[in-house]
Structure formats: C-alpha cells, structure tokens
Amino acid sequence: MAESDLKAPVAPLKPHRVNSPHGVRIDPYYWLRDDERTNPEVLAYLREENAFRERSMSATKPLENALYDEIYVRLKQDDSTVPYRKNGYWYSTRFEPGKEHPIFVRRRTSLDAPEEILLDANLHAKGFEYYRIGAMEISPDSAWLAFCEDTVGRRQFTLRFKNLQSGELQSMAIADVEPDLAWANDNRTLLYVEKDPETLLGLYVKKHVLGEDPRRDQVVFEQTDRSFYTGVSKSKSDAFIFIHMESTLSSEWRYARADDRELKFETFLPHEPNHEYDIEHLADAFIVRSNWQARNFRLSRVPIGGPSDRAAWIDVVGHRDDTYIEDFDVFDQFLALSVRTGGLSKICVHPLSGGAEFFIASDEAAYSTSLSENPELDTEIVRYAYSSLTTPTTLYDYNVRTRQQVLLKREPVLGDFDPQNYTTEFLMVPARDGVQIPVSLVYGKGFARNGSAPLLQYGYGAYGLSMDPSFSSARLSLLDRGFVYAIAHVRGGQEMGRAWYDAGRKLHKKNSFNDFLDVTRALVESNYAAKDKVFAMGGSAGGLLMGAVANMSAEVYRGIVAQVPFVDVITTMLDESIPLTTNEYDEWGDPRDREYYDYMLSYSPYDNVSGKAYPAMFITTGLWDSQVQYYEPAKWVAKLRAMKSDGNRLLLRVEMDAGHGGKSGRFQRYREIAMEYAFLLDELGACK
C-alpha cells in the first residue's frame, strides 16, 4: 500500500538554531529530542509513527507471522552451550523451551556432577519489558557471583552480588556501571567502573569490598579525558588486574597484582596519539599487541616491570603488510592469533618453542573464524568457532600438536535444512577509484545468474569493525524465496587490514558510500540481481551508510532498511553531552574544525535530504538507545516525509521499551527480523 493512500504523521515545524563555530543551521525537528523520554508531545508523535507503520503493514501481517513461524521452528528450544572448564568447574549456558532468557549453570569437577544454577535470567527478567545480563564474574574461590543487569536498554547497568554457597542474592545494588568487572584474589574486593549519568561514559574505577557500604567505595582511578572509554579486566593467569582505556586511535593500560591488598596500579605505557596496544600476562612477561611502527600490529614480549622503551621490546610475531592481527590468546606453549588476510578472518597458531606457525585450514570460499572460550593456559587445545554463509556456527577443539580437531557442536537448524542447498562465493569488485572491494555472497539451490533475482546487500564500514560472512538461520527465509544475499566489505571496516579502516574514516568517509554503490552496480551488471529488485540494509553506523546512499543514488534501490541509523552527524558531533560524542572525533572528525565540519555536512544524511524520489524505506529505533539517540532517525523520517517527492512507503518502527540492540529476549529479536523481511518481500509484491 502506498504511503499516499494513508494518512501519515506530520511533525510540526519548530525552527531551532543549532550553533557552531562556522555558522548557524536551522533544525525544524529538533523539538523531537527529549533526553528524559517523558515529553507527552514527543511520545505521542512516536506512538503515532508506530500506529502508522502498523496500518501500512496490516496486509503484510500474515506474511510476517509466517516468516516468524518459519524462523522459530528452525530454533532448538532446549539448546545449550558447550561447557568450558575453569578453576575446577564446568561452566555453560542453557535455554528452556519457550523461555526468552538464558540460564547460567556450572558443575563441579565433572560433567556428570549435579547442576548448580548460577543465575536464571528468566526469573530476574520478570516484570521488565527489557532485561539483559551484561557481565558475570565469579570470585577466585568460586563462592561469589558479581553480575551486571540492564532493565531499560540504555546500557546503564546495575551491579549485584550473589552468594553461591547459600544461594542468597544480596539486596545491595550499585547503579550506573559499565559491564566490566574484575575480582581481586582476596575474594572480597571487586573493581567496577561507574558511569557519568549524562554522557554514559565510564569515568570512575571503584573498589567495592563485600559487606561494606558502596557509598564509601574508593575511587582507584578517575578518567579525565572524555575521549577515552575505560574498563577493567583480569589476566588469563588471574595474577593481574588491568585498567584499560581506549579511544579510537590511542590506548593506555595499567596493571596491579591481583593479590596486592592495596591494588597499587602501575602504568604500562602512557597513551599517545596513534598508538594502540593491549596486553596479556604470560609467565614472567606481558605479551603486547601494538601498532607502533606496525600498521597491522605485531606481538612483542616485555618483561614485567621491564623497559618502557619500545625499541627494546622483543618481537614474538612481527608486522606483516598483508596480515592484520586482530586479537590473540596466550597459552603456555603457543599463541593463538585471530588475523585478517585476503579479506577473511583466520586462526593462526604460533608455537613458542620455535616451530613454524600455521593456519587452521578451511575449504570454503567465504568464512569466518574466531577464538572461543580458552580459560586454561596449560593445554595444547585451542577452542575456536567457525561459520560461513552456508555453515552454521560450529565449535571445534583443535590440538596444536597433532593438528587434529574435534567437532564439539554445530548450531542446530531444525527442519529440512541442508547446507548443500546453498552456495557461497567470495568476489573482488572494482570500486570507481580502482580499489578491489571484497564481497561475500550466498544464494539458494537453483539460482541462475540471469539478472532476475532479488538482492539484499548489507554493509557497515566504520570503526574498523569487520562484517564477517557468518551464518543466519533466519536468512534462509529470504534465500528460499530466491534472494541473493551479499555483504559489501566496504572501506571503513578492517577486512583488508588497518589501511582499509583508515581509507574509510574522517576525510575519507565517502569511500564507504562509493564502495557500497559500486558493489551494487557490479552485482547487477554481472547478472547476480535484477536492476529493479535491489534492496540495501545496514544498522547504526551502517544506517549512516544507508542514509548516504539514499541521498546519493536513491534510484539504485527498490527499498532500504536502516536499523537504528546514525544520520544527524553534525548536530550530534557538536554536542558533547550526547553519549559517545567525545569518543568519536577520531572516527568522523571534530566539526569545530572547519575542514571536518564542511566534509561531514556534505554527507550527513539528515542535512542532505532533498525534494526528490526515495526508495521505500523501513527505519527502526529504540527509545532508550544510548548509542544512536532515538531522535536522530525520528527527525530524519519527519524531514524525509515532508520533502520527498515519491509515494513510496516510509515507515518508522520505534521500540518503546528497548535500546540500540532492540528487544532482549531470545525469540523477540526474530519478530523484528520477520517484520523487516516482510517489508522487503511485500515490496516485491509477495502480499499482492
């Protein structure tokens, strides 16, 4: 049904001056911002948008329900994770049929021992529309559980404690914390990070002692530089506690011995511009991942309390131009590296005894691997996860000595799913400047490359985050209806190394948009898709990508799904009271600088809406979103509706009881996916 056939909400125009060092912009929809989420006029407008979307998609509801049922029946109701061992216990997570939230359990010594329930999130979630566990840490003596819970969706967690010997949940709670925790080895002291309630930045590392009044908790460290995120963690060896702080392009780590009653922290290396590093403890040294004189990072060994002069560090794994070291894990006899090379994520094993390093092999064209839970040092087994666009996430134990692996679990997909009915490809597509853009593709059995198929192309391209070609059982509902699904690994991610990220941020941000458009055109020209059946999807910073390509080349897409999109770039980046703003200058630029202001203004989706035809658009947001404030997509929709010249549907879904990640329940999120898929299929005429 065309939007013109229904009465769409009309947001009143209330001109507001947005000041900057470079002039004033008038924002007629600024009034939609309500930081308290209590303004009756704003809430009424958002509910009107929801009601309009429901009316517009009323004919689509049977399809949405059918899609949800398809997705739901593929899920194993009583699923559970593979147990891992730590400090004499086997830990795992399980789900019970029909329940939305996980149950965290453990067994002592043996997998045959009686189950002990650490936390049943279903019980804690009662009475809340939203509930999520953000962090769980068990004391070294295994007697206490500290955990963080979010009951709103705004990532303002509350810290709570449970006595695992008595089963008693402590009444005392500490509000507004980060989901980062670290126990000292006295089994009584816990470090946590308190947030600023306005900016939501973690600023105060505090020390809480069990049984004491949290109002007297000592501040161990205060973060005064608002461009840094601050967290706490514990070394794999349990010998050290770390305070770590990261901005986009700079890091600093501090360490204290976990058995030091005073928890006196020392700085490993002070932060400086353009130096990123992280550390882990192994034997008598720290293993350091650093990009000092190593754009794609290297690993070095530094004696504890040893030289701060980086020239004296001893390389364990040197820098390589063609391989980006993304993550690593330490073991007594080897290091396991998560690296990116050739556009794919791989696991590399580096023996510490001097043997040759090697990759864990795969025979699929497009795939991703990642390090899993590996809490023990004295082992020759590394646990890792493998997934592709056709292979469900699979967990393996790999023996680095024998090079044999054991399949522990493959994500169950119920019904008649057969991976042989789907094909994945990995392509390199030339962008307009000649750079080759990686593309991961998947399609179903019977696909003919004749230019008739519908295409859903996904992209992100920011923060150096790579969009790996991983499996989705929900996506089968599109593939089985003839869709080709593609991931455009555009610049701004890190699929091709650190240079790939640098080429898609700040004054190079438009490369991300151009790459996405060039991939779409190449896939159409190569007959993977019909020109009039192309859809695009992206979320958060990927929603910025969606807004930019909609303004630049709206005619390329039949429809666009923009999930929690970051679209009001200039206004947000000028306002330091908004969460994340001060941490983002190295990503987007500081608009107080005229060069960055002009560049950001030239692509900001909200600022570049014009009176032309746009594709059908389905846009989502969460009222309590802490990452991209709800009013950005709300304002964008209001402006689009007032200015666009077409009659295509423009729909806004506001989740009134959730934040950036949508609903928290296991099954609830599939309802959202079903709604988005129904929108796409309806645009192809599936409901007509």
# chains A, B, ... in the order shown; residues from 1 in each chain; ligands from 1

call {"tool": "select_by_dssp", "arguments": {"residues": "range 270-498 of chain A", "states": "strand (DSSP E)", "output": "ChimeraX atom specification"}}
result
/A:277-282,285-290,298-303,314-317,324-330,334-341,344-351,358-359,367-371,381-388,394-399,405-410,422-430,436-444,455-458,484-488

call {"tool": "closest_atom_pairs", "arguments": {"of": "range 398-502 of chain A", "to": "range 242-266 of chain A", "cutoff": "12 Å", "atoms": "only C-alpha atoms", "output": "JSON lines"}}
result
{"residue": "A:Ala462", "atom": "CA", "partner": "A:Thr248", "partner_atom": "CA", "distance": 11.0}
{"residue": "A:Tyr463", "atom": "CA", "partner": "A:Thr248", "partner_atom": "CA", "distance": 7.6}
{"residue": "A:Gly464", "atom": "CA", "partner": "A:Thr248", "partner_atom": "CA", "distance": 9.4}
{"residue": "A:Leu465", "atom": "CA", "partner": "A:Thr248", "partner_atom": "CA", "distance": 11.7}
{"residue": "A:Arg498", "atom": "CA", "partner": "A:Leu249", "partner_atom": "CA", "distance": 11.3}
{"residue": "A:Tyr501", "atom": "CA", "partner": "A:Thr248", "partner_atom": "CA", "distance": 11.3}
{"residue": "A:Asp502", "atom": "CA", "partner": "A:Leu249", "partner_atom": "CA", "distance": 10.6}

call {"tool": "write_last_selection", "arguments": {"atoms": "N, CA and C atoms", "output": "compact mmCIF listing (two decimals), in the first residue's frame"}}
result
# COMPACT_ATOMS: atom_id res chain seq x y z
N ALA A 462 32.65 1.01 9.38
CA ALA A 462 33.06 2.03 10.36
C ALA A 462 33.79 1.38 11.53
N TYR A 463 34.53 2.20 12.26
CA TYR A 463 35.21 1.81 13.50
C TYR A 463 36.19 0.65 13.32
N GLY A 464 36.53 0.31 12.10
CA GLY A 464 37.40 -0.83 11.88
C GLY A 464 36.73 -2.15 12.19
N LEU A 465 35.40 -2.17 12.30
CA LEU A 465 34.67 -3.40 12.56
C LEU A 465 34.43 -4.14 11.25
N ARG A 498 44.60 -2.60 8.42
CA ARG A 498 44.41 -1.28 9.01
C ARG A 498 44.24 -0.19 7.97
N TYR A 501 40.66 0.41 7.06
CA TYR A 501 39.93 1.25 8.01
C TYR A 501 40.25 2.72 7.79
N ASP A 502 41.52 3.04 7.70
CA ASP A 502 41.92 4.44 7.54
C ASP A 502 41.34 5.05 6.27

call {"tool": "residues_around", "arguments": {"residues": "Tyr89 in chain A", "least_positions_apart": "2", "cutoff": "6 Å", "atoms": "only C-alpha atoms", "output": "CSV table (one decimal) with N, CA and C atoms, in the first residue's frame"}}
result
chain,number,residue,atom,x,y,z
A,85,ARG,N,36.0,-25.4,31.1
A,85,ARG,CA,36.4,-25.6,32.5
A,85,ARG,C,37.3,-24.5,33.0
A,86,LYS,N,37.0,-24.1,34.2
A,86,LYS,CA,37.8,-23.1,34.9
A,86,LYS,C,37.8,-23.3,36.4
A,87,ASN,N,39.0,-23.3,37.0
A,87,ASN,CA,39.1,-23.5,38.5
A,87,ASN,C,38.3,-24.6,39.0
A,107,ARG,N,29.0,-27.1,36.9
A,107,ARG,CA,29.1,-28.4,37.5
A,107,ARG,C,30.5,-28.5,38.1
A,108,ARG,N,30.6,-29.1,39.3
A,108,ARG,CA,31.9,-29.2,39.9
A,108,ARG,C,32.6,-30.4,39.5
A,109,THR,N,33.9,-30.2,39.1
A,109,THR,CA,34.8,-31.3,38.8
A,109,THR,C,34.5,-32.1,37.5

call {"tool": "residues_around", "arguments": {"residues": "Gln293 in chain A", "least_positions_apart": "2", "cutoff": "10 Å", "atoms": "only C-alpha atoms", "output": "ChimeraX atom specification"}}
result
/A:275,290-291,295-298,310,319

call {"tool": "residues_around", "arguments": {"residues": "range 620-623 of chain A", "least_positions_apart": "5", "cutoff": "12 Å", "atoms": "only C-alpha atoms", "output": "PyMOL selection string"}}
result
chain A and resi 32-38+42-43+46-47+49-50+53+130+152-154+537-540+543+560-567+628-637+650-664+672-673+675-676
